[in-house]
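Coordinates from entry17.tsv are shown below (TSV, C-alpha atoms).
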chain	number	residue	atom	x	y	z
J	1	MET	CA	-3.24	-4.03	-17.69
J	2	ARG	CA	-1.40	-3.35	-14.49
J	3	GLU	CA	-2.59	-1.05	-11.80
J	4	TYR	CA	-0.19	0.76	-9.53
J	5	GLU	CA	-0.57	2.90	-6.49
J	6	ALA	CA	2.26	5.36	-6.17
J	7	ILE	CA	2.45	7.26	-2.92
J	8	PHE	CA	4.75	10.23	-2.54
J	9	ILE	CA	5.47	12.18	0.61
J	10	LEU	CA	6.42	15.74	-0.22
J	11	ALA	CA	8.41	18.00	2.07
J	12	PRO	CA	6.27	20.21	4.35
J	13	THR	CA	8.31	23.25	3.35
J	14	LEU	CA	6.66	23.40	-0.06
J	15	ASP	CA	3.77	25.73	-0.71
J	16	GLU	CA	0.55	24.86	-2.48
J	17	GLU	CA	1.81	26.07	-5.83
J	18	GLN	CA	5.01	24.05	-5.72
J	19	ILE	CA	3.09	20.92	-4.77
J	20	GLN	CA	0.77	21.38	-7.70
J	21	THR	CA	3.73	21.84	-10.03
J	22	ILE	CA	5.27	18.58	-8.84
J	23	ILE	CA	2.00	16.70	-9.21
J	24	ASP	CA	1.50	18.06	-12.72
J	25	SER	CA	5.01	17.23	-13.85
J	26	LEU	CA	4.81	13.70	-12.46
J	27	SER	CA	1.43	13.13	-14.09
J	28	LYS	CA	2.79	14.39	-17.38
J	29	ALA	CA	5.85	12.16	-17.13
J	30	ALA	CA	3.65	9.14	-16.43
J	31	GLU	CA	1.38	9.87	-19.36
J	32	GLU	CA	4.34	10.29	-21.69
J	33	ARG	CA	5.44	6.80	-20.76
J	34	GLY	CA	2.11	5.29	-21.70
J	35	ALA	CA	0.42	5.21	-18.33
J	36	GLU	CA	-3.04	6.45	-17.61
J	37	VAL	CA	-3.30	8.54	-14.48
J	38	ALA	CA	-6.62	7.25	-13.19
J	39	ASN	CA	-6.70	9.27	-10.03
J	40	VAL	CA	-4.64	11.67	-7.96
J	41	ASP	CA	-5.59	11.71	-4.33
J	42	ARG	CA	-4.23	14.34	-1.98
J	43	TRP	CA	-4.31	13.73	1.71
J	44	GLY	CA	-2.83	17.08	2.54
J	45	ARG	CA	-0.40	17.72	5.32
J	46	ARG	CA	-0.08	14.89	7.78
J	47	ARG	CA	2.00	14.25	10.84
J	48	LEU	CA	4.61	11.54	10.24
J	49	ALA	CA	5.03	8.73	12.73
J	50	PHE	CA	8.76	9.46	12.83
J	51	PRO	CA	11.00	12.10	11.30
J	52	VAL	CA	11.91	11.51	7.67
J	53	LYS	CA	14.86	13.54	6.40
J	54	LYS	CA	14.42	15.80	9.44
J	55	HIS	CA	10.81	16.56	8.56
J	56	LYS	CA	8.04	15.87	11.03
J	57	ASP	CA	5.19	16.40	8.60
J	58	GLY	CA	4.62	15.65	4.99
J	59	HIS	CA	2.15	16.15	2.17
J	60	PHE	CA	0.79	12.82	1.01
J	61	VAL	CA	-0.08	12.41	-2.64
J	62	ILE	CA	-1.41	9.16	-4.05
J	63	PHE	CA	-1.41	8.40	-7.75
J	64	THR	CA	-3.40	5.56	-9.21
J	65	LEU	CA	-1.82	4.52	-12.49
J	66	ARG	CA	-2.86	2.08	-15.16
J	67	ALA	CA	-0.23	0.88	-17.58
J	68	ASP	CA	0.83	-2.12	-19.60
J	69	SER	CA	4.45	-2.00	-18.52
J	70	ASN	CA	6.55	-0.62	-15.72
J	71	ASP	CA	8.06	2.17	-17.83
J	72	ALA	CA	6.06	4.93	-16.22
J	73	VAL	CA	6.74	3.72	-12.70
J	74	ARG	CA	10.44	3.44	-13.41
J	75	GLU	CA	10.52	6.97	-14.71
J	76	LEU	CA	8.58	8.36	-11.75
J	77	GLU	CA	10.84	6.65	-9.26
J	78	ARG	CA	13.93	7.82	-11.05
J	79	ARG	CA	12.72	11.41	-10.88
J	80	VAL	CA	11.61	11.17	-7.30
J	81	LYS	CA	14.88	9.68	-6.14
J	82	VAL	CA	16.85	12.69	-7.30
J	83	SER	CA	14.29	15.18	-6.06
J	84	ASP	CA	14.67	16.81	-2.67
J	85	SER	CA	10.99	17.70	-2.54
J	86	VAL	CA	9.89	14.09	-2.24
J	87	ILE	CA	11.08	12.73	1.07
J	88	ARG	CA	9.63	9.22	0.84
J	89	PHE	CA	7.76	7.17	-1.75
J	90	LEU	CA	6.29	3.74	-2.28
J	91	THR	CA	4.87	2.15	-5.39
J	92	VAL	CA	2.71	-0.92	-5.07
J	93	ARG	CA	1.23	-3.01	-7.80
J	94	VAL	CA	-2.34	-3.51	-6.64
J	95	ASP	CA	-3.88	-5.51	-9.47
J	96	LEU	CA	-2.10	-8.73	-8.55
J	97	GLU	CA	-3.33	-8.88	-5.01
J	98	ARG	CA	-6.79	-7.80	-5.97
J	99	LYS	CA	-6.99	-10.38	-8.74
J	100	ARG	CA	-5.88	-13.10	-6.41
J	101	ALA	CA	-8.53	-12.05	-3.92
J	102	GLU	CA	-11.21	-12.19	-6.60
J	103	GLY	CA	-10.08	-15.62	-7.76
J	104	ARG	CA	-10.41	-16.96	-4.27
J	105	LYS	CA	-13.85	-15.50	-3.91
J	106	LYS	CA	-14.96	-17.23	-7.09
J	107	LYS	CA	-13.63	-20.54	-5.87
J	108	LYS	CA	-15.65	-20.17	-2.71
J	109	GLU	CA	-18.83	-19.48	-4.63
J	110	ARG	CA	-18.70	-22.73	-6.57
J	111	PRO	CA	-16.52	-25.08	-4.55
J	112	LYS	CA	-17.54	-28.32	-6.21
J	113	ALA	CA	-18.17	-27.28	-9.79
J	114	GLN	CA	-14.98	-28.98	-10.96
J	115	PRO	CA	-13.83	-31.50	-8.41
J	116	GLU	CA	-10.52	-32.20	-10.08
J	117	THR	CA	-9.27	-28.81	-11.05
J	118	PRO	CA	-5.52	-28.75	-11.48
J	119	ALA	CA	-3.71	-26.66	-8.92
J	120	PRO	CA	-3.34	-23.04	-10.01
J	121	ALA	CA	0.05	-22.14	-11.41
J	122	LYS	CA	2.28	-20.70	-8.78
J	123	GLY	CA	3.31	-17.34	-10.16
J	124	SER	CA	6.09	-15.88	-8.09
J	125	ALA	CA	6.21	-12.49	-9.71
J	126	SER	CA	7.21	-9.91	-7.19
J	127	ARG	CA	4.24	-8.02	-5.91
J	128	GLU	CA	5.92	-4.78	-5.38
J	129	ALA	CA	7.32	-2.62	-8.08
J	130	SER	CA	9.72	-1.12	-5.66
J	131	HIS	CA	10.53	-0.72	-2.06
J	132	ALA	CA	12.73	2.26	-1.56
A	1	MET	CA	-8.94	-4.48	20.91
A	2	PRO	CA	-9.83	-7.30	23.26
A	3	ARG	CA	-6.93	-9.26	24.59
A	4	ARG	CA	-8.16	-12.42	22.96
A	5	ARG	CA	-10.41	-12.94	20.03
A	6	ARG	CA	-11.62	-16.28	18.85
A	7	PHE	CA	-12.33	-15.38	15.27
A	8	CYS	CA	-10.53	-13.60	12.48
A	9	LYS	CA	-11.99	-10.16	11.93
A	10	PHE	CA	-10.98	-10.11	8.28
A	11	CYS	CA	-12.68	-13.43	7.59
A	12	ALA	CA	-15.79	-12.27	9.41
A	13	ASP	CA	-15.91	-9.06	7.38
A	14	LYS	CA	-14.92	-10.88	4.18
A	15	ILE	CA	-11.98	-8.56	3.59
A	16	GLU	CA	-9.61	-9.95	0.99
A	17	TYR	CA	-7.33	-7.00	0.41
A	18	ILE	CA	-5.87	-5.31	3.46
A	19	ASP	CA	-5.18	-1.69	2.63
A	20	PHE	CA	-1.95	-0.24	3.99
A	21	LYS	CA	-3.46	3.26	3.83
A	22	ASP	CA	-6.17	2.52	6.36
A	23	VAL	CA	-4.25	3.68	9.40
A	24	ARG	CA	-7.13	3.49	11.82
A	25	MET	CA	-7.73	-0.17	11.06
A	26	LEU	CA	-4.03	-1.04	11.17
A	27	ASN	CA	-3.63	0.70	14.50
A	28	GLN	CA	-5.75	-1.99	16.12
A	29	TYR	CA	-2.95	-4.46	15.46
A	30	VAL	CA	-0.06	-2.51	16.92
A	31	PRO	CA	-0.26	-2.16	20.70
A	32	GLU	CA	1.71	0.49	22.65
A	33	ARG	CA	5.18	-0.60	21.68
A	34	ALA	CA	4.13	-0.53	18.02
A	35	LYS	CA	4.89	-4.18	17.57
A	36	ILE	CA	2.67	-6.30	15.36
A	37	SER	CA	0.30	-8.20	17.59
A	38	PRO	CA	0.68	-11.99	17.39
A	39	ARG	CA	-2.10	-14.13	16.01
A	40	ARG	CA	-2.62	-15.83	19.33
A	41	LEU	CA	-3.77	-12.52	20.80
A	42	SER	CA	-5.52	-10.92	17.88
A	43	GLY	CA	-7.16	-14.07	16.56
A	44	VAL	CA	-6.31	-13.25	12.96
A	45	CYS	CA	-6.07	-16.33	10.74
A	46	ALA	CA	-2.75	-17.24	9.11
A	47	PRO	CA	-3.56	-16.08	5.54
A	48	HIS	CA	-4.86	-12.76	6.81
A	49	GLN	CA	-1.97	-12.30	9.24
A	50	ARG	CA	0.41	-12.54	6.29
A	51	LYS	CA	-1.53	-9.87	4.42
A	52	LEU	CA	-1.75	-7.77	7.53
A	53	LYS	CA	2.00	-8.01	8.04
A	54	ARG	CA	2.57	-6.84	4.48
A	55	ALA	CA	0.21	-3.89	4.97
A	56	LEU	CA	1.72	-2.89	8.30
A	57	LYS	CA	5.22	-2.89	6.92
A	58	ARG	CA	4.20	-0.77	3.96
A	59	ALA	CA	2.50	1.66	6.29
A	60	ARG	CA	5.65	1.87	8.38
A	61	HIS	CA	7.75	2.69	5.39
A	62	LEU	CA	5.43	5.61	4.64
A	63	ALA	CA	5.69	6.86	8.22
A	64	LEU	CA	2.01	6.22	8.76
A	65	LEU	CA	2.90	3.90	11.62
A	66	PRO	CA	5.98	3.94	13.85
A	67	TYR	CA	8.65	1.27	13.77
A	68	VAL	CA	9.21	1.80	17.45
A	69	SER	CA	7.36	3.77	20.06
A	70	ASP	CA	8.20	4.87	23.63
Spit out the file's structure as structure tokens when you get a sec.
Amino acid sequence: MREYEAIFILAPTLDEEQIQTIIDSLSKAAEERGAEVANVDRWGRRRLAFPVKKHKDGHFVIFTLRADSNDAVRELERRVKVSDSVIRFLTVRVDLERKRAEGRKKKKERPKAQPETPAPAKGSASREASHA
Amino acid sequence: MPRRRRFCKFCADKIEYIDFKDVRMLNQYVPERAKISPRRLSGVCAPHQRKLKRALKRARHLALLPYVSD
């Protein structure tokens, strides 16, 4: 099971209702592609560190998704790319980094349980689903 | 942040995953010009500096942190 964090920055020109519509349609699209929308976090309107598509502010929305494949993420990104309402987005696969962190913690807890453990396989799967 | 630090804050706090959404924490590692502070000044260990770099760059992409400032 993979876990993704998908962050979307929506244009500040949208009103509350339009934002909700976008969130609902994205959630629906993700669920149709076999992903579970574990959480939707809204940060509200935030000042951007630099203008993005001429906007100085943006509404931040963070989806936490759980899925077995990248279908849902691909679909979300495809939609968001053609949408003018979403001015910036980033999807990060968080389970890999978190798993690696846990593995290291375990190793620290019992450092000499198995003195001759073979080196862990070096998986070089890309950590990010996308980087717009 | 002090000019020099002799220990890695992330190791001390046992932080394994550096969150790119935690702007306040990340801000400690980008002085005025918004450049990423070098390890020799911040004291961050090499493994954590790599994770920090990743997080800072993600935050920049999301306009949470500036690429340049001034």
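Taking CA of Val61 (chain J) and CA of Phe8 (chain J) as endpoints, the distance between them is 5.3 Å.
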Expected answer as a PDB file with C-alpha atoms, in the frame of the given file: chain J residues within 8 Å of chain A, all atoms listed in the file:
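Dumped everything to part_23.pdb:
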ATOM      1  CA  ILE J   9       5.470  12.180   0.610  1.00  0.00           C
ATOM      2  CA  LEU J  48       4.610  11.540  10.240  1.00  0.00           C
ATOM      3  CA  ALA J  49       5.030   8.730  12.730  1.00  0.00           C
ATOM      4  CA  PHE J  50       8.760   9.460  12.830  1.00  0.00           C
ATOM      5  CA  VAL J  52      11.910  11.510   7.670  1.00  0.00           C
ATOM      6  CA  ARG J  88       9.630   9.220   0.840  1.00  0.00           C
ATOM      7  CA  PHE J  89       7.760   7.170  -1.750  1.00  0.00           C
ATOM      8  CA  LEU J  90       6.290   3.740  -2.280  1.00  0.00           C
ATOM      9  CA  GLU J  97      -3.330  -8.880  -5.010  1.00  0.00           C
ATOM     10  CA  ARG J  98      -6.790  -7.800  -5.970  1.00  0.00           C
ATOM     11  CA  ALA J 101      -8.530 -12.050  -3.920  1.00  0.00           C
TER      12      ALA J 101
END
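CA of Arg2 (chain J) to CA of Asp68 (chain J) spans 5.7 Å [interatomic distance, one decimal].
Using all atoms listed in the file for every distance, the candidate list J:Asp84, J:Asp41, J:Glu75, J:Glu31 yields J:Asp84 as the residue closest to His55 (chain J).
Picture a line from CA of Gln49 (chain A) to CA of Val30 (chain A); it runs 12.6 Å.
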Just give me the residues with any atom within 12 Å of (-6.6, -5.7, 15.9), file coordinates, counting all atoms listed in the file, written as a PyMOL selection string. chain A and resi 1-5+7-10+23-31+35-45+48-49+52-53+56
